[in-house]
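Participant: For reference, the file input_27.cif (mmCIF, C-alpha atoms) is included below:
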```cif
data_coords
loop_
_atom_site.label_atom_id
_atom_site.label_comp_id
_atom_site.auth_asym_id
_atom_site.auth_seq_id
_atom_site.Cartn_x
_atom_site.Cartn_y
_atom_site.Cartn_z
CA MET R 1 61.46 -108.48 60.46
CA ASP R 2 60.10 -106.19 63.15
CA GLU R 3 57.71 -103.33 62.48
CA HIS R 4 57.13 -100.18 64.50
CA ASP R 5 54.73 -97.28 64.32
CA PRO R 6 56.89 -94.42 62.95
CA ARG R 7 55.36 -92.13 65.56
CA GLU R 8 56.83 -94.37 68.26
CA LEU R 9 60.23 -94.12 66.59
CA LEU R 10 59.89 -90.35 66.40
CA SER R 11 58.92 -90.05 70.05
CA VAL R 12 62.05 -91.86 71.16
CA GLY R 13 64.11 -89.88 68.65
CA VAL R 14 62.85 -86.57 70.01
CA THR R 15 63.65 -87.62 73.58
CA ALA R 16 67.15 -88.66 72.51
CA ALA R 17 67.77 -85.51 70.47
CA HIS R 18 66.75 -83.26 73.35
CA ALA R 19 68.99 -85.20 75.73
CA GLY R 20 71.89 -84.93 73.29
CA GLY R 21 71.27 -81.21 72.95
CA GLU R 22 71.33 -80.79 76.71
CA VAL R 23 74.71 -82.50 76.79
CA LEU R 24 76.05 -80.12 74.15
CA GLN R 25 74.86 -77.08 76.07
CA ASP R 26 76.31 -78.42 79.32
CA TRP R 27 79.71 -78.73 77.66
CA VAL R 28 79.73 -75.23 76.18
CA GLY R 29 82.75 -73.31 77.42
CA ARG R 30 84.38 -76.22 79.22
CA PHE R 31 85.40 -78.74 76.57
CA SER R 32 88.90 -79.13 75.17
CA VAL R 33 89.54 -79.28 71.46
CA ARG R 34 91.91 -81.36 69.39
CA GLU R 35 92.35 -81.02 65.64
CA LYS R 36 91.86 -84.32 63.86
CA ARG R 37 92.15 -82.80 60.38
CA ARG R 38 92.41 -79.26 59.15
CA ALA R 39 89.29 -77.33 60.21
CA ASP R 40 87.70 -80.59 61.36
CA LEU R 41 87.46 -80.13 65.10
CA VAL R 42 86.38 -82.91 67.41
CA THR R 43 85.32 -82.37 71.00
CA GLU R 44 84.45 -84.44 73.98
CA ALA R 45 80.95 -83.02 73.61
CA ASP R 46 80.50 -84.91 70.32
CA HIS R 47 81.14 -88.22 71.98
CA ALA R 48 79.16 -87.46 75.12
CA SER R 49 76.12 -86.39 73.09
CA GLN R 50 76.31 -89.45 70.86
CA GLN R 51 76.60 -91.82 73.80
CA THR R 52 73.59 -90.23 75.47
CA ILE R 53 71.54 -90.57 72.29
CA LEU R 54 72.66 -94.15 71.73
CA ASP R 55 71.83 -95.17 75.29
CA ILE R 56 68.27 -93.86 74.98
CA VAL R 57 67.54 -95.29 71.54
CA ALA R 58 69.24 -98.65 72.08
CA ASP R 59 67.35 -99.10 75.33
CA ALA R 60 64.07 -98.70 73.42
CA PHE R 61 65.12 -100.56 70.28
CA PRO R 62 68.02 -102.89 71.13
CA ARG R 63 67.78 -104.87 67.88
CA HIS R 64 68.12 -101.89 65.56
CA SER R 65 71.34 -100.90 63.78
CA PHE R 66 73.11 -97.58 64.29
CA LEU R 67 75.32 -95.36 62.16
CA GLY R 68 76.86 -92.21 63.55
CA GLU R 69 79.53 -89.61 62.96
CA GLU R 70 81.77 -90.44 65.88
CA GLY R 71 82.72 -93.98 64.88
CA LEU R 72 79.28 -95.44 65.52
CA ASN R 73 78.52 -98.46 63.32
CA ARG R 74 76.47 -101.11 65.10
CA ASP R 75 74.84 -103.94 63.16
CA ALA R 76 71.22 -104.93 63.61
CA ASP R 77 70.01 -108.08 65.33
CA GLY R 78 67.44 -109.30 62.83
CA SER R 79 65.96 -105.83 62.26
CA ASP R 80 65.81 -103.71 59.10
CA TYR R 81 65.67 -100.42 61.03
CA GLN R 82 68.70 -98.13 61.14
CA TRP R 83 69.23 -94.98 63.22
CA ILE R 84 71.54 -92.45 61.55
CA ILE R 85 72.87 -90.06 64.17
CA ASP R 86 74.83 -86.83 64.09
CA PRO R 87 75.29 -85.81 67.73
CA LEU R 88 76.68 -82.41 66.77
CA ASP R 89 76.13 -81.06 63.28
CA GLY R 90 78.09 -77.83 63.01
CA THR R 91 81.11 -78.74 65.12
CA SER R 92 83.27 -75.80 64.04
CA ASN R 93 80.44 -73.40 64.82
CA TYR R 94 80.06 -75.01 68.22
CA VAL R 95 83.70 -74.75 69.23
CA HIS R 96 83.86 -71.12 68.11
CA GLY R 97 80.74 -70.16 70.02
CA PHE R 98 78.67 -69.49 66.90
CA PRO R 99 75.13 -70.62 67.81
CA TYR R 100 74.26 -72.54 64.66
CA TYR R 101 74.50 -76.26 65.35
CA ALA R 102 72.11 -79.12 66.02
CA VAL R 103 71.49 -82.75 66.88
CA SER R 104 70.24 -84.75 63.91
CA ILE R 105 68.61 -88.20 64.03
CA GLY R 106 67.10 -90.00 61.06
CA VAL R 107 65.50 -93.44 61.03
CA ARG R 108 65.14 -95.60 57.99
CA ARG R 109 63.65 -99.00 57.32
CA GLY R 110 65.69 -100.61 54.61
CA ASP R 111 66.44 -97.74 52.26
CA THR R 112 63.32 -95.75 53.16
CA LEU R 113 63.44 -92.84 55.60
CA VAL R 114 60.52 -93.14 58.00
CA ALA R 115 61.14 -90.65 60.83
CA ALA R 116 63.40 -87.68 61.53
CA VAL R 117 64.20 -85.13 64.20
CA ILE R 118 66.63 -82.22 64.24
CA PHE R 119 66.97 -80.26 67.46
CA ASP R 120 68.47 -76.77 67.65
CA PRO R 121 69.33 -76.29 71.34
CA ASN R 122 70.08 -72.59 70.97
CA ARG R 123 66.62 -71.67 69.70
CA ASN R 124 64.81 -74.59 71.33
CA GLU R 125 63.50 -75.57 67.91
CA THR R 126 62.58 -79.18 67.20
CA PHE R 127 62.03 -80.07 63.55
CA THR R 128 60.33 -83.41 62.99
CA ALA R 129 58.86 -85.52 60.23
CA VAL R 130 57.19 -88.88 59.77
CA ALA R 131 56.95 -90.30 56.25
CA GLY R 132 53.60 -89.41 54.73
CA GLN R 133 52.54 -87.23 57.64
CA GLY R 134 54.18 -83.88 56.93
CA ALA R 135 56.85 -81.89 58.74
CA GLN R 136 56.60 -79.88 61.94
CA LEU R 137 58.47 -77.27 63.93
CA ASN R 138 57.71 -77.52 67.65
CA GLY R 139 54.55 -79.39 66.74
CA ALA R 140 53.23 -76.90 64.15
CA SER R 141 53.14 -77.82 60.46
CA ILE R 142 55.75 -76.25 58.20
CA THR R 143 56.10 -75.93 54.44
CA THR R 144 58.76 -74.62 52.11
CA SER R 145 58.66 -71.04 50.86
CA GLY R 146 57.05 -71.88 47.54
CA GLU R 147 59.61 -69.68 45.76
CA THR R 148 60.00 -70.60 42.10
CA GLU R 149 62.46 -68.00 40.79
CA LEU R 150 66.21 -68.34 41.19
CA ALA R 151 66.67 -64.58 41.11
CA ARG R 152 64.51 -64.22 44.21
CA SER R 153 65.98 -67.22 46.02
CA MET R 154 68.28 -67.42 49.01
CA GLY R 155 70.66 -70.37 48.86
CA MET R 156 73.03 -72.11 51.24
CA ALA R 157 75.98 -74.31 50.33
CA SER R 158 78.36 -76.63 52.15
CA LEU R 159 81.97 -76.58 51.00
CA PRO R 160 84.56 -79.33 51.54
CA VAL R 161 86.99 -79.00 54.42
CA GLY R 162 90.10 -77.19 53.25
CA ALA R 163 88.67 -76.35 49.81
CA ASP R 164 90.55 -73.72 47.81
CA GLY R 165 89.52 -71.59 44.87
CA THR R 166 90.08 -74.37 42.36
CA ASP R 167 87.64 -76.77 44.01
CA PRO R 168 84.51 -77.39 41.88
CA ALA R 169 82.34 -76.80 44.95
CA VAL R 170 83.84 -73.34 45.39
CA GLN R 171 83.35 -72.57 41.71
CA ARG R 172 79.73 -73.73 42.01
CA PHE R 173 79.25 -71.42 44.99
CA LEU R 174 80.70 -68.43 43.14
CA ASN R 175 78.64 -69.12 40.04
CA ALA R 176 75.45 -69.35 42.09
CA LEU R 177 76.14 -65.86 43.45
CA GLY R 178 75.34 -64.42 40.05
CA HIS R 179 72.02 -66.23 39.70
CA LEU R 180 70.43 -66.24 43.16
CA GLN R 181 69.47 -63.23 45.24
CA THR R 182 71.99 -64.29 47.88
CA VAL R 183 74.15 -67.33 48.71
CA GLN R 184 75.54 -68.12 52.15
CA ARG R 185 77.65 -70.74 53.89
CA SER R 186 76.57 -71.51 57.46
CA GLY R 187 78.36 -74.61 58.72
CA SER R 188 75.38 -76.85 59.59
CA ALA R 189 73.82 -78.96 56.85
CA ALA R 190 71.10 -80.21 59.18
CA LEU R 191 69.90 -76.71 60.04
CA ASN R 192 70.20 -75.60 56.43
CA LEU R 193 67.83 -78.39 55.43
CA CYS R 194 65.47 -77.35 58.22
CA CYS R 195 65.57 -73.80 56.92
CA VAL R 196 64.55 -75.02 53.47
CA ALA R 197 61.70 -77.00 55.03
CA ALA R 198 60.50 -74.03 57.10
CA GLY R 199 60.64 -71.56 54.22
CA ARG R 200 63.51 -69.54 55.65
CA ILE R 201 65.77 -70.21 52.67
CA ASP R 202 64.97 -71.58 49.23
CA ALA R 203 67.81 -73.99 48.42
CA PHE R 204 70.75 -75.88 49.87
CA TRP R 205 73.35 -78.01 48.11
CA SER R 206 76.54 -79.93 48.78
CA THR R 207 78.77 -82.64 47.36
CA SER R 208 80.79 -83.27 50.52
CA LEU R 209 78.36 -84.48 53.18
CA LYS R 210 77.98 -87.77 55.05
CA PRO R 211 74.77 -89.76 55.63
CA TRP R 212 74.40 -88.49 59.19
CA ASP R 213 74.54 -84.89 57.93
CA VAL R 214 71.52 -85.28 55.67
CA ALA R 215 69.39 -88.30 56.65
CA ALA R 216 66.97 -86.48 58.94
CA GLY R 217 66.92 -83.24 56.98
CA THR R 218 66.15 -84.99 53.71
CA LEU R 219 62.90 -86.42 55.08
CA ILE R 220 61.97 -83.14 56.77
CA VAL R 221 62.36 -81.21 53.51
CA GLN R 222 60.41 -83.80 51.53
CA GLU R 223 57.58 -83.85 54.06
CA ALA R 224 57.47 -80.04 54.00
CA GLY R 225 56.78 -80.17 50.26
CA GLY R 226 60.32 -79.54 49.06
CA ILE R 227 62.44 -81.28 46.47
CA VAL R 228 65.56 -83.29 47.30
CA THR R 229 67.72 -84.66 44.47
CA THR R 230 71.35 -84.94 43.49
CA ILE R 231 73.10 -81.82 42.21
CA ASN R 232 72.27 -82.87 38.66
CA GLY R 233 68.65 -83.72 39.41
CA GLY R 234 68.95 -87.46 39.92
CA ALA R 235 67.36 -89.62 42.60
CA ILE R 236 68.72 -88.85 46.05
CA ASP R 237 70.83 -91.44 47.86
CA ILE R 238 71.77 -90.31 51.36
CA MET R 239 74.74 -92.66 51.33
CA GLN R 240 76.33 -90.60 48.54
CA PRO R 241 77.78 -87.08 49.07
CA ASP R 242 75.59 -85.37 46.48
CA LEU R 243 72.51 -83.38 47.51
CA LEU R 244 70.36 -80.52 46.31
CA ALA R 245 67.32 -79.46 48.35
CA ALA R 246 64.95 -76.78 47.11
CA SER R 247 61.65 -75.11 47.89
CA THR R 248 60.06 -76.06 44.59
CA LEU R 249 60.74 -78.07 41.45
CA PRO R 250 61.50 -74.95 39.33
CA VAL R 251 64.22 -73.84 41.76
CA ALA R 252 65.65 -77.37 41.92
CA GLN R 253 65.64 -77.67 38.13
CA GLY R 254 67.12 -74.20 37.67
CA LEU R 255 70.02 -74.99 39.97
CA SER R 256 70.58 -78.42 38.41
CA GLU R 257 70.76 -76.81 34.97
CA LEU R 258 73.16 -74.17 36.27
CA PHE R 259 75.43 -76.73 37.90
CA SER R 260 75.28 -79.11 34.92
CA ALA R 261 76.32 -76.29 32.60
CA GLU R 262 79.50 -75.89 34.66
CA ALA R 263 80.58 -79.48 34.16
#
```
What does the file become when written as structure tokens?
Facilitator:
Amino acid sequence: MDEHDPRELLSVGVTAAHAGGEVLQDWVGRFSVREKRRADLVTEADHASQQTILDIVADAFPRHSFLGEEGLNRDADGSDYQWIIDPLDGTSNYVHGFPYYAVSIGVRRGDTLVAAVIFDPNRNETFTAVAGQGAQLNGASITTSGETELARSMGMASLPVGADGTDPAVQRFLNALGHLQTVQRSGSAALNLCCVAAGRIDAFWSTSLKPWDVAAGTLIVQEAGGIVTTINGGAIDIMQPDLLAASTLPVAQGLSELFSAEA
């Protein structure tokens, strides 16, 4: 099997993420929208961004496999590296002109995340991480907030598309309102994870995400000193829609206990 310096992977990933972000910004205000499912909007910008990213990465690493939101599933040619790509995380925000969306690219070798980049083209913020080497924002090291108390914590949650008041995720959101200082829903899992890593919020959770939503952000949070588990505190598996990211172990454990008590 091939082996690459994770910093080389990250360098290509950053180039690709910035190029994908440029595509998104170029399309702002001129794309057409079609509704694939309720509140699940797909745009030409999604596909154009993903193709741009794929072209750059595949040119550098043609033997690697690829998994992406917009139907991307390319097998490897004798390589155990996989690029997990979300060309536009926060699609509904994007189409409504709400500037909270990003390009997310994670790289794993086997089941181990080794490099990650999330690019916010509105704020020109590039969040990066290499396994064992910490997390950065525009090249400067970042860490989580260090908050340990739920009552002082700010949380974010992702809710399933079309969820109503009976959905367990909605009930979890409402219950958290009474235990955290504030709870929000933003529409971009990738940026929520970056906000945990950078100390801007203290927790984020969801049971409805895809691998491309969380692959990069999971590594960035971990490398920033945060905790990433399942909702109930188990080992994280990015291929499963079950994630809880927190600033510290006490916050993670407090939320896991809260959510477990609901079950």
Participant: Excluding R:Tyr100 and residues on its chain fewer than 2 positions from it, collect all residues at most 10 Å away from it, counting all atoms listed in the file, and give them as an MDAnalysis selection string.
Facilitator: chainID R and resid 89:94 97:98 102 120:123 186:188 190:192
Participant: Please produce a file of those selected residues containing C-alpha atoms, as a short mmCIF file (atom, residue, chain, number, x, y, z; two decimals), keeping the file's coordinate frame.
Facilitator:
```
data_model
loop_
_atom_site.label_atom_id
_atom_site.label_comp_id
_atom_site.auth_asym_id
_atom_site.auth_seq_id
_atom_site.Cartn_x
_atom_site.Cartn_y
_atom_site.Cartn_z
CA ASP R 89 76.13 -81.06 63.28
CA GLY R 90 78.09 -77.83 63.01
CA THR R 91 81.11 -78.74 65.12
CA SER R 92 83.27 -75.80 64.04
CA ASN R 93 80.44 -73.40 64.82
CA TYR R 94 80.06 -75.01 68.22
CA GLY R 97 80.74 -70.16 70.02
CA PHE R 98 78.67 -69.49 66.90
CA ALA R 102 72.11 -79.12 66.02
CA ASP R 120 68.47 -76.77 67.65
CA PRO R 121 69.33 -76.29 71.34
CA ASN R 122 70.08 -72.59 70.97
CA ARG R 123 66.62 -71.67 69.70
CA SER R 186 76.57 -71.51 57.46
CA GLY R 187 78.36 -74.61 58.72
CA SER R 188 75.38 -76.85 59.59
CA ALA R 190 71.10 -80.21 59.18
CA LEU R 191 69.90 -76.71 60.04
CA ASN R 192 70.20 -75.60 56.43
#
```
Participant: As a check of understanding, name the residues that the PyMOL selection byres ((chain R and resi 126) around 9) selects in the supplied structure, as a ChimeraX atom specification.
Facilitator: /R:14,17-18,117-121,123-125,127-128,136-139
Participant: Identify all residues satisfying the PyMOL selection byres ((chain R and resi 56) around 9) in the given file; provide them as a ChimeraX atom specification.
Facilitator: /R:12-13,15-16,19,51-55,57-61
Participant: Please, could you write that set of residues out with C-alpha atoms as a tab-separated table (two decimals), in the coordinates of the input?
Facilitator:
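Writing done, so here's out_33.tsv:
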```tsv
chain	number	residue	atom	x	y	z
R	12	VAL	CA	62.05	-91.86	71.16
R	13	GLY	CA	64.11	-89.88	68.65
R	15	THR	CA	63.65	-87.62	73.58
R	16	ALA	CA	67.15	-88.66	72.51
R	19	ALA	CA	68.99	-85.20	75.73
R	51	GLN	CA	76.60	-91.82	73.80
R	52	THR	CA	73.59	-90.23	75.47
R	53	ILE	CA	71.54	-90.57	72.29
R	54	LEU	CA	72.66	-94.15	71.73
R	55	ASP	CA	71.83	-95.17	75.29
R	57	VAL	CA	67.54	-95.29	71.54
R	58	ALA	CA	69.24	-98.65	72.08
R	59	ASP	CA	67.35	-99.10	75.33
R	60	ALA	CA	64.07	-98.70	73.42
R	61	PHE	CA	65.12	-100.56	70.28
```
Participant: Would you list the contacts of stretch 206-216 of chain R as an NGL selection string, taking every protein, DNA or RNA residue within 10 Å and counting all atoms listed in the file, but skipping same-chain residues closer than 5 positions in sequence?
Facilitator: :R and (67-69 or 83-90 or 103-108 or 113-118 or 127-129 or 156-161 or 168-169 or 172-173 or 188-194 or 221 or 230-231 or 237-245)
Participant: Just the selected residues (C-alpha atoms), exported as a JSON list (two decimals), in the frame of the given file, please.
Facilitator:
```json
[["chain", "number", "residue", "atom", "x", "y", "z"],
["R", 67, "LEU", "CA", 75.32, -95.36, 62.16],
["R", 68, "GLY", "CA", 76.86, -92.21, 63.55],
["R", 69, "GLU", "CA", 79.53, -89.61, 62.96],
["R", 83, "TRP", "CA", 69.23, -94.98, 63.22],
["R", 84, "ILE", "CA", 71.54, -92.45, 61.55],
["R", 85, "ILE", "CA", 72.87, -90.06, 64.17],
["R", 86, "ASP", "CA", 74.83, -86.83, 64.09],
["R", 87, "PRO", "CA", 75.29, -85.81, 67.73],
["R", 88, "LEU", "CA", 76.68, -82.41, 66.77],
["R", 89, "ASP", "CA", 76.13, -81.06, 63.28],
["R", 90, "GLY", "CA", 78.09, -77.83, 63.01],
["R", 103, "VAL", "CA", 71.49, -82.75, 66.88],
["R", 104, "SER", "CA", 70.24, -84.75, 63.91],
["R", 105, "ILE", "CA", 68.61, -88.20, 64.03],
["R", 106, "GLY", "CA", 67.10, -90.00, 61.06],
["R", 107, "VAL", "CA", 65.50, -93.44, 61.03],
["R", 108, "ARG", "CA", 65.14, -95.60, 57.99],
["R", 113, "LEU", "CA", 63.44, -92.84, 55.60],
["R", 114, "VAL", "CA", 60.52, -93.14, 58.00],
["R", 115, "ALA", "CA", 61.14, -90.65, 60.83],
["R", 116, "ALA", "CA", 63.40, -87.68, 61.53],
["R", 117, "VAL", "CA", 64.20, -85.13, 64.20],
["R", 118, "ILE", "CA", 66.63, -82.22, 64.24],
["R", 127, "PHE", "CA", 62.03, -80.07, 63.55],
["R", 128, "THR", "CA", 60.33, -83.41, 62.99],
["R", 129, "ALA", "CA", 58.86, -85.52, 60.23],
["R", 156, "MET", "CA", 73.03, -72.11, 51.24],
["R", 157, "ALA", "CA", 75.98, -74.31, 50.33],
["R", 158, "SER", "CA", 78.36, -76.63, 52.15],
["R", 159, "LEU", "CA", 81.97, -76.58, 51.00],
["R", 160, "PRO", "CA", 84.56, -79.33, 51.54],
["R", 161, "VAL", "CA", 86.99, -79.00, 54.42],
["R", 168, "PRO", "CA", 84.51, -77.39, 41.88],
["R", 169, "ALA", "CA", 82.34, -76.80, 44.95],
["R", 172, "ARG", "CA", 79.73, -73.73, 42.01],
["R", 173, "PHE", "CA", 79.25, -71.42, 44.99],
["R", 188, "SER", "CA", 75.38, -76.85, 59.59],
["R", 189, "ALA", "CA", 73.82, -78.96, 56.85],
["R", 190, "ALA", "CA", 71.10, -80.21, 59.18],
["R", 191, "LEU", "CA", 69.90, -76.71, 60.04],
["R", 192, "ASN", "CA", 70.20, -75.60, 56.43],
["R", 193, "LEU", "CA", 67.83, -78.39, 55.43],
["R", 194, "CYS", "CA", 65.47, -77.35, 58.22],
["R", 221, "VAL", "CA", 62.36, -81.21, 53.51],
["R", 230, "THR", "CA", 71.35, -84.94, 43.49],
["R", 231, "ILE", "CA", 73.10, -81.82, 42.21],
["R", 237, "ASP", "CA", 70.83, -91.44, 47.86],
["R", 238, "ILE", "CA", 71.77, -90.31, 51.36],
["R", 239, "MET", "CA", 74.74, -92.66, 51.33],
["R", 240, "GLN", "CA", 76.33, -90.60, 48.54],
["R", 241, "PRO", "CA", 77.78, -87.08, 49.07],
["R", 242, "ASP", "CA", 75.59, -85.37, 46.48],
["R", 243, "LEU", "CA", 72.51, -83.38, 47.51],
["R", 244, "LEU", "CA", 70.36, -80.52, 46.31],
["R", 245, "ALA", "CA", 67.32, -79.46, 48.35]]
```
Participant: Translate the PyMOL selection byres ((chain R and resi 45) around 8), as applied to the file shown, into an explicit residue set as a PDB file with C-alpha atoms, in the frame of the given file.
Facilitator:
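Written output follows (expr.pdb):
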```pdb
ATOM      1  CA  VAL R  23      74.710 -82.500  76.790  1.00  0.00           C
ATOM      2  CA  LEU R  24      76.050 -80.120  74.150  1.00  0.00           C
ATOM      3  CA  TRP R  27      79.710 -78.730  77.660  1.00  0.00           C
ATOM      4  CA  PHE R  31      85.400 -78.740  76.570  1.00  0.00           C
ATOM      5  CA  THR R  43      85.320 -82.370  71.000  1.00  0.00           C
ATOM      6  CA  GLU R  44      84.450 -84.440  73.980  1.00  0.00           C
ATOM      7  CA  ASP R  46      80.500 -84.910  70.320  1.00  0.00           C
ATOM      8  CA  HIS R  47      81.140 -88.220  71.980  1.00  0.00           C
ATOM      9  CA  ALA R  48      79.160 -87.460  75.120  1.00  0.00           C
ATOM     10  CA  SER R  49      76.120 -86.390  73.090  1.00  0.00           C
TER      11      SER R  49
END
```
Participant: Rounded to one decimal, what separation in Å do you get between atom CA of R:Thr182 and atom CA of R:Ala197?
Facilitator: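 Distance between the two atoms: 17.8 Å.
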Participant: Kindly give the distance, in Å, that separates atom CA of R:Leu219 and atom CA of R:Ala135, rounded to a single decimal.
Facilitator: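 Atom-to-atom, atom CA of R:Leu219 and atom CA of R:Ala135 are spaced 8.4 Å apart.
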Participant: R:Val28, R:Leu249, R:Ala176, R:Ala151: which is nearest R:Thr229, counting only C-alpha atoms?
Facilitator: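 Nearest to R:Thr229: R:Leu249.
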Participant: How many Å separate atom CA of R:Asp5 from atom CA of R:Val130?
Facilitator: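 Straight-line distance from atom CA of R:Asp5 to atom CA of R:Val130 works out to 9.9 Å.
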Participant: Taking all atoms listed in the file into account, name the residue in R:Val228, R:Leu150, R:Cys195, R:Ile236 that is nearest to R:Pro250.
Facilitator: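 Smallest distance to R:Pro250 is found for R:Leu150.
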Participant: Between R:Arg30, R:Arg109, R:His96, R:Arg74, which is the closest to R:Leu9 once you count all atoms listed in the file?
Facilitator: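 Among the listed residues, R:Arg109 lies closest to R:Leu9.
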Participant: For R:Ser153, work out the shell of residues within 9 Å, counting only C-alpha atoms and skipping chain neighbours fewer than 2 positions away, then give it as JSON, numbers by chain.
Facilitator: {"R": [147, 148, 149, 150, 151, 155, 179, 180, 181, 182, 183, 201, 202, 203, 251]}
